[in-house]
Amino acid sequence: MRIFAISDLHLSINNPKPMDIFGHAWDNYLDVITSDWKAKVGPEDVVLIAGDISWAMYLENAKADIDFIASLPGNKIILRGNHDYWWKSISAVRTMLPNRMFALQNDAVKIGNVVFCGSRGWTVPDGKAQTDEDKKIFDREVIRMGLSLADAEKKRGETDKLIAMIHYPPFNVRAESSQFTQLFERNNVNAVIYGHLHGASRAERFMKTNGIEYYLTSCDMVGNRLVEISV
């Protein structure tokens with residue numbers, strides 16, 4: 001079983017929204033993603049999508065985008081991003097998902113000898129004062145990540161690997177430690193997948209800190225090609 005990741009697809013299959021207005025990295029990006037995906041992924045492989053899946057506002061409008069992902073090879077594990085307004089009720093989302101497609105929310109999924117967990121996350125403080133609302137959301141997301149990791153621990157065997165997904169970067173612009181990275185370290189996470197960043201971001205795409213591999217997988221930041229995750 002091989003594991004791949006990509007995020008921030010920003011799909012709008014039934015109501016096309018031109019993404020190339022955000023730069024040339026988005027030119028024909030779905031064609032590039034599709035051909036690369038089909039060339040790399042086998043039926044037993046896993047593809048992780050760390051949020052910002054669809055521009056849809058309502059679940060029924062996101063179905064075409066989910067069906068597009070489902071039509072591609074492999075098992076898929078998805079996570080909510082900040083633009084996934086269609087993702088409100090996890091039970092409703094899971095009811096819509098086809099076979100071999102899984103949605104994470106406060107829990108974990110085990111495929112083969114790898115356990116996958118995650119939460120959306122929020123902007124990590126960079127020394128400036130947080131608004132009350134930002135602090136409230138950040139603290140809530142830390143709790144949710146903790147719940148997901150706790151469920152992963154229940155499902156993880158002695159030799160299993162653990163991959164965490166988070167939409168927002170789990171550190172600030174200076175790549176400093178946060179409550180998220182501390183959770184990952186305490187729970188012996190092997191790799192972390194994140195997205196959210198685009199364009200001229202200065203973030204390193206791949207980095208290793210305190211024994212954990214971090215992968216930035218926003219599609220425009222990785223040439224619209226799946227990134228293979230090594231554990």
# chains A, B, ... in the order shown; residues from 1 in each chain; ligands from 1
$ residues_around --residues "Gly223 of chain A" --least-positions-apart "6" --cutoff "10 Å" --atoms "only C-alpha atoms" --output "ChimeraX atom specification"
/A:25-26,29,32-33,217
$ closest_atom_pairs --of "segment 90-189 of chain A" --to "segment 71-85 of chain A" --cutoff "8 Å" --atoms "only C-alpha atoms" --output "tab-separated table"
residue	atom	partner	partner_atom	distance
A:Arg100	CA	A:Asn75	CA	5.0
A:Met101	CA	A:Lys76	CA	4.7
A:Phe102	CA	A:Ile77	CA	4.7
A:Ala103	CA	A:Ile78	CA	4.9
A:Leu104	CA	A:Leu79	CA	5.5
A:Gln105	CA	A:Leu79	CA	7.3
A:Gly118	CA	A:Leu79	CA	7.3
A:Ser119	CA	A:Leu79	CA	6.9
A:Arg120	CA	A:Arg80	CA	5.7
A:Met165	CA	A:Leu79	CA	7.4
A:Ile166	CA	A:Leu79	CA	7.5
A:His167	CA	A:Gly81	CA	5.5
A:Tyr168	CA	A:Gly81	CA	7.9
$ select_by_dssp --residues "segment 30-74 of chain A" --states "strand (DSSP E or B)" --output "ChimeraX atom specification"
/A:46-49,54
$ closest_residue --among "A:Lys128, A:His10, A:Arg156, A:Lys161" --to "His196 of chain A" --atoms "only C-alpha atoms"
A:His10
$ select_by_dssp --residues "segment 44-110 of chain A" --states "helix (DSSP H, G or I)" --output "PyMOL selection string"
chain A and resi 59-70+90-96
$ residues_around --residues "Thr159 of chain A" --least-positions-apart "6" --cutoff "12 Å" --atoms "only C-alpha atoms" --output "number ranges by chain"
A: 112-115, 153, 188, 190, 231
$ write_last_selection --atoms "N, CA, C and O atoms" --output "short mmCIF file (atom, residue, chain, number, x, y, z; two decimals), in the first residue's frame"
data_model
loop_
_atom_site.label_atom_id
_atom_site.label_comp_id
_atom_site.auth_asym_id
_atom_site.auth_seq_id
_atom_site.Cartn_x
_atom_site.Cartn_y
_atom_site.Cartn_z
N GLY A 112 -4.93 -1.01 6.44
CA GLY A 112 -3.68 -1.76 6.50
C GLY A 112 -3.02 -1.55 7.85
O GLY A 112 -3.65 -1.66 8.90
N ASN A 113 -1.73 -1.21 7.81
CA ASN A 113 -0.99 -0.99 9.05
C ASN A 113 -0.74 0.49 9.32
O ASN A 113 0.23 0.85 9.98
N VAL A 114 -1.64 1.34 8.80
CA VAL A 114 -1.52 2.78 9.01
C VAL A 114 -2.83 3.33 9.54
O VAL A 114 -3.91 3.01 9.03
N VAL A 115 -2.73 4.17 10.58
CA VAL A 115 -3.90 4.85 11.14
C VAL A 115 -3.84 6.31 10.73
O VAL A 115 -2.78 6.95 10.79
N GLU A 153 -5.18 6.21 18.83
CA GLU A 153 -4.44 5.38 19.78
C GLU A 153 -5.18 4.08 20.06
O GLU A 153 -4.57 3.01 20.21
N ASN A 188 3.43 10.37 19.12
CA ASN A 188 4.32 9.63 18.23
C ASN A 188 3.80 9.53 16.80
O ASN A 188 3.80 8.45 16.17
N ASN A 190 3.92 9.87 12.90
CA ASN A 190 5.03 9.67 11.96
C ASN A 190 5.10 10.76 10.89
O ASN A 190 6.20 11.14 10.46
N VAL A 231 6.35 6.60 5.37
CA VAL A 231 6.31 6.31 6.81
C VAL A 231 7.09 5.04 7.09
O VAL A 231 6.91 4.41 8.11
#
$ residues_around --residues "Ser148 of chain A" --least-positions-apart "3" --cutoff "10 Å" --atoms "only C-alpha atoms" --output "PyMOL selection string"
chain A and resi 104-109+116-119+142-145+151-153+164
$ closest_atom_pairs --of "segment 189-221 of chain A" --to "segment 43-67 of chain A" --cutoff "7 Å" --atoms "only C-alpha atoms" --output "CSV"
residue,atom,partner,partner_atom,distance
A:Ile193,CA,A:Ala50,CA,6.9
A:Tyr194,CA,A:Ala50,CA,6.0
A:Gly195,CA,A:Ala50,CA,6.2
$ write_last_selection --atoms "N, CA and C atoms" --output "mmCIF file, in the first residue's frame"
data_model
loop_
_atom_site.group_PDB
_atom_site.id
_atom_site.type_symbol
_atom_site.label_atom_id
_atom_site.label_comp_id
_atom_site.auth_asym_id
_atom_site.auth_seq_id
_atom_site.Cartn_x
_atom_site.Cartn_y
_atom_site.Cartn_z
ATOM 1 N N ILE A 193 0.190 15.897 7.342
ATOM 2 C CA ILE A 193 -0.186 16.462 6.053
ATOM 3 C C ILE A 193 -0.977 17.741 6.314
ATOM 4 N N TYR A 194 -0.615 18.842 5.642
ATOM 5 C CA TYR A 194 -1.395 20.072 5.796
ATOM 6 C C TYR A 194 -1.474 20.822 4.469
ATOM 7 N N GLY A 195 -2.347 21.822 4.415
ATOM 8 C CA GLY A 195 -2.551 22.601 3.193
ATOM 9 C C GLY A 195 -2.742 24.069 3.507
#
$ residues_around --residues "Thr181 of chain A" --least-positions-apart "2" --cutoff "10 Å" --atoms "only C-alpha atoms" --output "PDB file with C-alpha atoms, in the first residue's frame"
ATOM      1  CA  PRO A 169      -0.363  24.799   9.028  1.00  0.00           C
ATOM      2  CA  PRO A 170       0.258  23.423  12.537  1.00  0.00           C
ATOM      3  CA  PHE A 171       2.872  26.104  13.227  1.00  0.00           C
ATOM      4  CA  GLU A 176       7.550  27.584  15.876  1.00  0.00           C
ATOM      5  CA  SER A 177       6.078  24.843  18.032  1.00  0.00           C
ATOM      6  CA  SER A 178       2.364  24.968  18.805  1.00  0.00           C
ATOM      7  CA  GLN A 179      -0.207  22.993  20.765  1.00  0.00           C
ATOM      8  CA  LEU A 183       0.120  16.831  20.402  1.00  0.00           C
ATOM      9  CA  PHE A 184       1.748  15.181  17.391  1.00  0.00           C
ATOM     10  CA  GLU A 185       4.986  14.649  19.304  1.00  0.00           C
ATOM     11  CA  ARG A 186       3.299  13.272  22.422  1.00  0.00           C
ATOM     12  CA  ASN A 187       1.349  10.793  20.300  1.00  0.00           C
ATOM     13  CA  VAL A 189       2.876  10.738  14.913  1.00  0.00           C
ATOM     14  CA  VAL A 192       1.635  15.305   9.187  1.00  0.00           C
ATOM     15  CA  THR A 209      11.007  18.552  13.067  1.00  0.00           C
ATOM     16  CA  ASN A 210      11.481  16.492  16.236  1.00  0.00           C
ATOM     17  CA  ILE A 212       8.050  14.120  12.411  1.00  0.00           C
TER      18      ILE A 212
END
$ closest_residue --among "A:Thr34, A:Ser7, A:Thr123, A:Asn224" --to "Ile137 of chain A" --atoms "only C-alpha atoms"
A:Thr123
$ residues_around --residues "Glu213 of chain A" --least-positions-apart "5" --cutoff "6 Å" --atoms "only C-alpha atoms" --output "VMD selection string"
chain A and resid 191 207 to 208
$ decode --residues "segment 173-185 of chain A" --atoms "all heavy atoms" --output "short mmCIF file (atom, residue, chain, number, x, y, z; two decimals), in the first residue's frame"
data_model
loop_
_atom_site.label_atom_id
_atom_site.label_comp_id
_atom_site.auth_asym_id
_atom_site.auth_seq_id
_atom_site.Cartn_x
_atom_site.Cartn_y
_atom_site.Cartn_z
N VAL A 173 4.24 31.40 11.16
CA VAL A 173 5.09 31.75 10.02
C VAL A 173 6.57 31.54 10.32
O VAL A 173 7.39 31.44 9.40
CB VAL A 173 4.85 33.21 9.58
CG1 VAL A 173 3.45 33.37 9.03
CG2 VAL A 173 5.09 34.18 10.74
N ARG A 174 6.92 31.46 11.59
CA ARG A 174 8.32 31.20 11.96
C ARG A 174 8.57 29.72 12.24
O ARG A 174 9.63 29.34 12.74
CB ARG A 174 8.69 32.04 13.19
CG ARG A 174 8.68 33.55 12.93
CD ARG A 174 9.20 34.32 14.14
NE ARG A 174 8.29 34.23 15.27
CZ ARG A 174 7.25 35.06 15.46
NH1 ARG A 174 7.00 36.02 14.58
NH2 ARG A 174 6.47 34.93 16.53
N ALA A 175 7.59 28.89 11.89
CA ALA A 175 7.68 27.44 12.08
C ALA A 175 7.95 27.07 13.53
O ALA A 175 8.63 26.09 13.84
CB ALA A 175 8.74 26.83 11.17
N GLU A 176 7.37 27.84 14.46
CA GLU A 176 7.55 27.58 15.88
C GLU A 176 6.55 26.52 16.36
O GLU A 176 5.48 26.34 15.79
CB GLU A 176 7.36 28.88 16.67
CG GLU A 176 8.44 29.92 16.38
CD GLU A 176 8.14 31.27 17.02
OE1 GLU A 176 6.95 31.62 17.18
OE2 GLU A 176 9.11 31.97 17.35
N SER A 177 6.92 25.87 17.42
CA SER A 177 6.08 24.84 18.03
C SER A 177 4.72 25.42 18.42
O SER A 177 4.59 26.61 18.72
CB SER A 177 6.78 24.28 19.26
OG SER A 177 5.96 23.36 19.94
N SER A 178 3.71 24.56 18.41
CA SER A 178 2.36 24.97 18.80
C SER A 178 1.72 23.84 19.59
O SER A 178 2.29 22.74 19.73
CB SER A 178 1.51 25.27 17.56
OG SER A 178 1.16 24.06 16.91
N GLN A 179 0.52 24.05 20.07
CA GLN A 179 -0.21 22.99 20.76
C GLN A 179 -0.49 21.82 19.84
O GLN A 179 -0.57 20.67 20.28
CB GLN A 179 -1.51 23.55 21.36
CG GLN A 179 -1.27 24.47 22.55
CD GLN A 179 -2.53 25.22 22.96
OE1 GLN A 179 -2.79 26.33 22.49
NE2 GLN A 179 -3.31 24.62 23.83
N PHE A 180 -0.61 22.10 18.53
CA PHE A 180 -0.80 21.01 17.57
C PHE A 180 0.46 20.16 17.46
O PHE A 180 0.40 18.93 17.55
CB PHE A 180 -1.20 21.56 16.20
CG PHE A 180 -2.55 22.20 16.15
CD1 PHE A 180 -2.69 23.54 15.83
CD2 PHE A 180 -3.70 21.46 16.42
CE1 PHE A 180 -3.94 24.14 15.78
CE2 PHE A 180 -4.96 22.04 16.38
CZ PHE A 180 -5.07 23.39 16.07
N THR A 181 1.60 20.80 17.23
CA THR A 181 2.83 20.03 17.08
C THR A 181 3.17 19.28 18.36
O THR A 181 3.72 18.16 18.31
CB THR A 181 4.01 20.93 16.66
OG1 THR A 181 4.24 21.94 17.67
CG2 THR A 181 3.73 21.62 15.33
N GLN A 182 2.85 19.87 19.50
CA GLN A 182 3.10 19.17 20.77
C GLN A 182 2.23 17.92 20.88
O GLN A 182 2.68 16.88 21.38
CB GLN A 182 2.85 20.13 21.93
CG GLN A 182 3.88 21.25 22.02
CD GLN A 182 3.42 22.42 22.87
OE1 GLN A 182 2.45 22.32 23.62
NE2 GLN A 182 4.10 23.55 22.74
N LEU A 183 0.99 18.01 20.42
CA LEU A 183 0.12 16.83 20.40
C LEU A 183 0.70 15.75 19.49
O LEU A 183 0.71 14.56 19.84
CB LEU A 183 -1.28 17.20 19.91
CG LEU A 183 -2.26 17.80 20.92
CD1 LEU A 183 -3.52 18.28 20.21
CD2 LEU A 183 -2.62 16.79 22.00
N PHE A 184 1.18 16.15 18.33
CA PHE A 184 1.75 15.18 17.39
C PHE A 184 2.96 14.47 18.01
O PHE A 184 3.11 13.26 17.87
CB PHE A 184 2.16 15.87 16.09
CG PHE A 184 1.03 16.54 15.35
CD1 PHE A 184 1.26 17.69 14.60
CD2 PHE A 184 -0.25 16.02 15.39
CE1 PHE A 184 0.23 18.31 13.91
CE2 PHE A 184 -1.30 16.64 14.70
CZ PHE A 184 -1.06 17.79 13.97
N GLU A 185 3.78 15.24 18.70
CA GLU A 185 4.99 14.65 19.30
C GLU A 185 4.64 13.71 20.45
O GLU A 185 5.22 12.63 20.59
CB GLU A 185 5.93 15.77 19.75
CG GLU A 185 6.54 16.53 18.58
CD GLU A 185 7.15 17.86 18.97
OE1 GLU A 185 7.40 18.07 20.18
OE2 GLU A 185 7.35 18.71 18.08
#
